[in-house]
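Participant: Below is a structure I'd like to ask you about.
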Amino acid sequence: MSIPQSGGGPIENRNQLAEYLEAGNKPESDWRIGTEHEKFGYCKPKKLPLPYDGECSILAMLEGLRDTYHWEPVTEAGNLIGLVKDGANISLEPGGQLELSGAPLETIHETCDEVNTHLREVQTIADKINAGFIGLGAAPIWSHEQMHMMPKGRYRLMTDYMGRVGTHGTQMMYRTCTVQVNLDFKSESDMVKKFRVALALQSVAVALFANSPFFDGKANGHKSWRSRVWRGLDDARTGTLPFAFEDGMGFDRYVDYALDVPMYFVYRDGKYIDALGQSFRDFMQGKLPALPGEVPTLSDWADHLTTIFPEARIKKFMEMRGADGGPWRRICALPAFWVGLMYDANALDAAWDICKDWDLETREGLRVAASVDGLQAQFGDIKMMDLATRVLELSKAGLAARARAGAGGLIPDETHFLNALQESIDTGITPADELLTKYNGEWAGDLSKIYDEYSY
């Protein structure tokens, strides 16, 4: 989850909302890669989720990282709830999932170095407090009652609201993890093309990164239960956004959509003020019941944009949000996958050619099928294995064309970061398939073995 925004004066007219998004336009020379990944922490003796405080806890982790590796603290109401350093931040999801939001970097080589450093630091502190961390899309065994709410005001508000608007909202908050990448655009038309490709092809990411076949201690019938959870969260703020494929799509059209998404909160003086279900349009007119007479600032708008959860999301950059959390290789593979498609014009055009004629039924059908069957999914005449093969080839070509060298020039480009995905294409086996094979075979249904075999 995002940390509160700051800065920006009062919003005096609606145009400022689109201008805020448009300010993200950057020349290609300034395009960067921001990778985010979440992971579940647990206390090793009983393999139960980390509480906020105590000897084996989230607080102990944050304090250890702060003191040992010189991260700067982020606090809320006197509680340590995050860390910042060198353009990156470490934050907490509602159930204590530890998230690294990486710095904006130029290459996947740098991204993977950042991930390596972070996981090494996390392991060092975790070993001291007898904790472990594991990369999965959903908590395989823990119940909702076993999860601990982190001391962040927005989570208290969201937890209450989620129970009113959907069936899976609290599952998303407390028992899922993702890896995603934030990418840039150079113009409104570039944003629109990238956004459409991102929304249409998230199903491929769901399939390739499927890594949540267990929930509540048993197989759940989905390769990506996390993706299923998002379909039952809140229709007002999730999905594949059909309007994005209509004529007239642009920054202003996204503003229209965002204005109609019900609010969660307003952040003032270090506190979250309950604005659940209220309207940002009313806020613009000084008629928000939570703050009568006040008009929003640009930081309020930035905060509101973080409470919108479609499969791809626009802020001053674009977020790709379809993939399950996973092991180290796939943390690096996710940004490589999307950078190859989005940061090379030929690859982007070819990706759009694949999906530009799909209708809403096809896009939604592939999304559902991918969550259930992963690479074995099929909708109509489209087989996910064939689709994923084509898309991965485009991504690889895009990375080769970028020709961003690593290891002092010894590695000519970034294509090797896709090797984990190519292995899935070659074998038909995703992480979810591997886990199910073990569960039904050598583990004999004993899911507790997942922690020893798959932790970082």
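Just so we're on the same page: first chain in the structure tokens is A, next is B, and so on; residues restart at 1 for each chain, and ligands are numbered from 1 in the order they show up.
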Give me, as a PyMOL selection string, all polymer residues having an atom no more than 12 Å from segment 148-152 of chain A, counting only C-alpha atoms and skipping those fewer than 2 positions away in the same chain.
Facilitator: chain A and resi 1-4+40-42+48-53+57-59+74-82+91-98+142-146+154-159+170+173-175+267+270-272
Participant: Run DSSP on the backbone and grab whatever in segment 124-182 of chain A lands in strand (DSSP E); send it over as a list in words.
Facilitator: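 Matching residues for strand (DSSP E) in segment 124-182 of chain A are Ala131, Gly132, Phe133, Ile134, Thr178, Val179, Gln180, Val181 and Asn182 of chain A.
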Participant: Quick one: residues within 12 Å of segment 326-328 of chain A, only C-alpha atoms, excluding same-chain residues fewer than 5 positions away - as a PyMOL selection string?
Facilitator: chain A and resi 36-40+111-120+133-139+176-180+206+208-212+224+226+333-334+417+420+430-432+435+453-456
Participant: So, counting only C-alpha atoms, which residue among A:Pro296, A:Gly169, A:Gly217, A:Pro104 is closest to Asn13 of chain A?
Facilitator: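 With only C-alpha atoms as the atom set, the closest residue is A:Pro296.
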Participant: Work out how far atom CA of Leu233 of chain A is from atom CA of Arg268 of chain A, in Å to one decimal.
Facilitator: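 About the pair atom CA of Arg268 of chain A and atom CA of Leu233 of chain A: they are 26.8 Å apart.
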Participant: Find, counting only C-alpha atoms, the residue in A:Asp190, A:Asp303, A:Asp67, A:Asp426 that gets nearest to Met249 of chain A.
Facilitator: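 Of all the options, A:Asp190 lies closest to Met249 of chain A.
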Participant: Using only C-alpha atoms, determine which residues lie at most 8 Å from Trp71 of chain A, disregarding the query and same-chain residues fewer than 3 positions distant; provide the list as a list of chain:residue names.
Facilitator: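 Listing them by chain and then by number gives A:Leu65, A:Arg66, A:Asp67, A:Leu83, A:Val84, A:Lys85.
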Participant: Take the residues from that selection and put them in a file with N, CA and C atoms, as a CSV table (one decimal), in the first residue's frame.
Facilitator:
```csv
chain,number,residue,atom,x,y,z
A,65,LEU,N,16.3,-3.3,10.3
A,65,LEU,CA,16.7,-2.7,9.0
A,65,LEU,C,17.1,-1.2,9.2
A,66,ARG,N,16.4,-0.5,10.0
A,66,ARG,CA,16.7,0.9,10.3
A,66,ARG,C,18.1,1.0,10.9
A,67,ASP,N,18.4,0.3,11.9
A,67,ASP,CA,19.6,0.4,12.7
A,67,ASP,C,20.8,-0.2,12.0
A,83,LEU,N,10.0,2.6,6.1
A,83,LEU,CA,11.4,3.0,6.0
A,83,LEU,C,11.7,3.6,4.6
A,84,VAL,N,12.6,4.6,4.5
A,84,VAL,CA,12.9,5.2,3.2
A,84,VAL,C,14.4,5.3,3.1
A,85,LYS,N,14.9,5.2,1.9
A,85,LYS,CA,16.4,5.4,1.6
A,85,LYS,C,16.6,5.4,0.1
```
Participant: For Thr240 of chain A, list every protein, DNA or RNA residue within 7 Å, evaluated using only C-alpha atoms, and leave out those in the same chain fewer than 3 positions away; present the list as a list in words.
Facilitator: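 In the requested form, the answer reads Leu199, Pro310 and Glu311 of chain A.
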Participant: Based on the selection just made, write C-alpha atoms of those residues as a tab-separated table (two decimals), in the first residue's frame.
Facilitator:
```
chain	number	residue	atom	x	y	z
A	199	LEU	CA	-5.13	-4.16	-19.30
A	310	PRO	CA	-7.72	-2.02	-11.53
A	311	GLU	CA	-5.49	-4.55	-13.27
```
Participant: Smallest atom-to-atom distance to Thr307 of chain A: which of A:Asp373, A:Glu361, A:Asp234, A:Glu12, using only C-alpha atoms?
Facilitator: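 Of all the options, A:Asp234 lies closest to Thr307 of chain A.
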Participant: Which of these, A:Ala60, A:Ile382, A:Met263, A:Met320, has the shortest distance to Arg237 of chain A once you count only C-alpha atoms?
Facilitator: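 Looking only at the distances to Arg237 of chain A, the closest residue turns out to be A:Met263.
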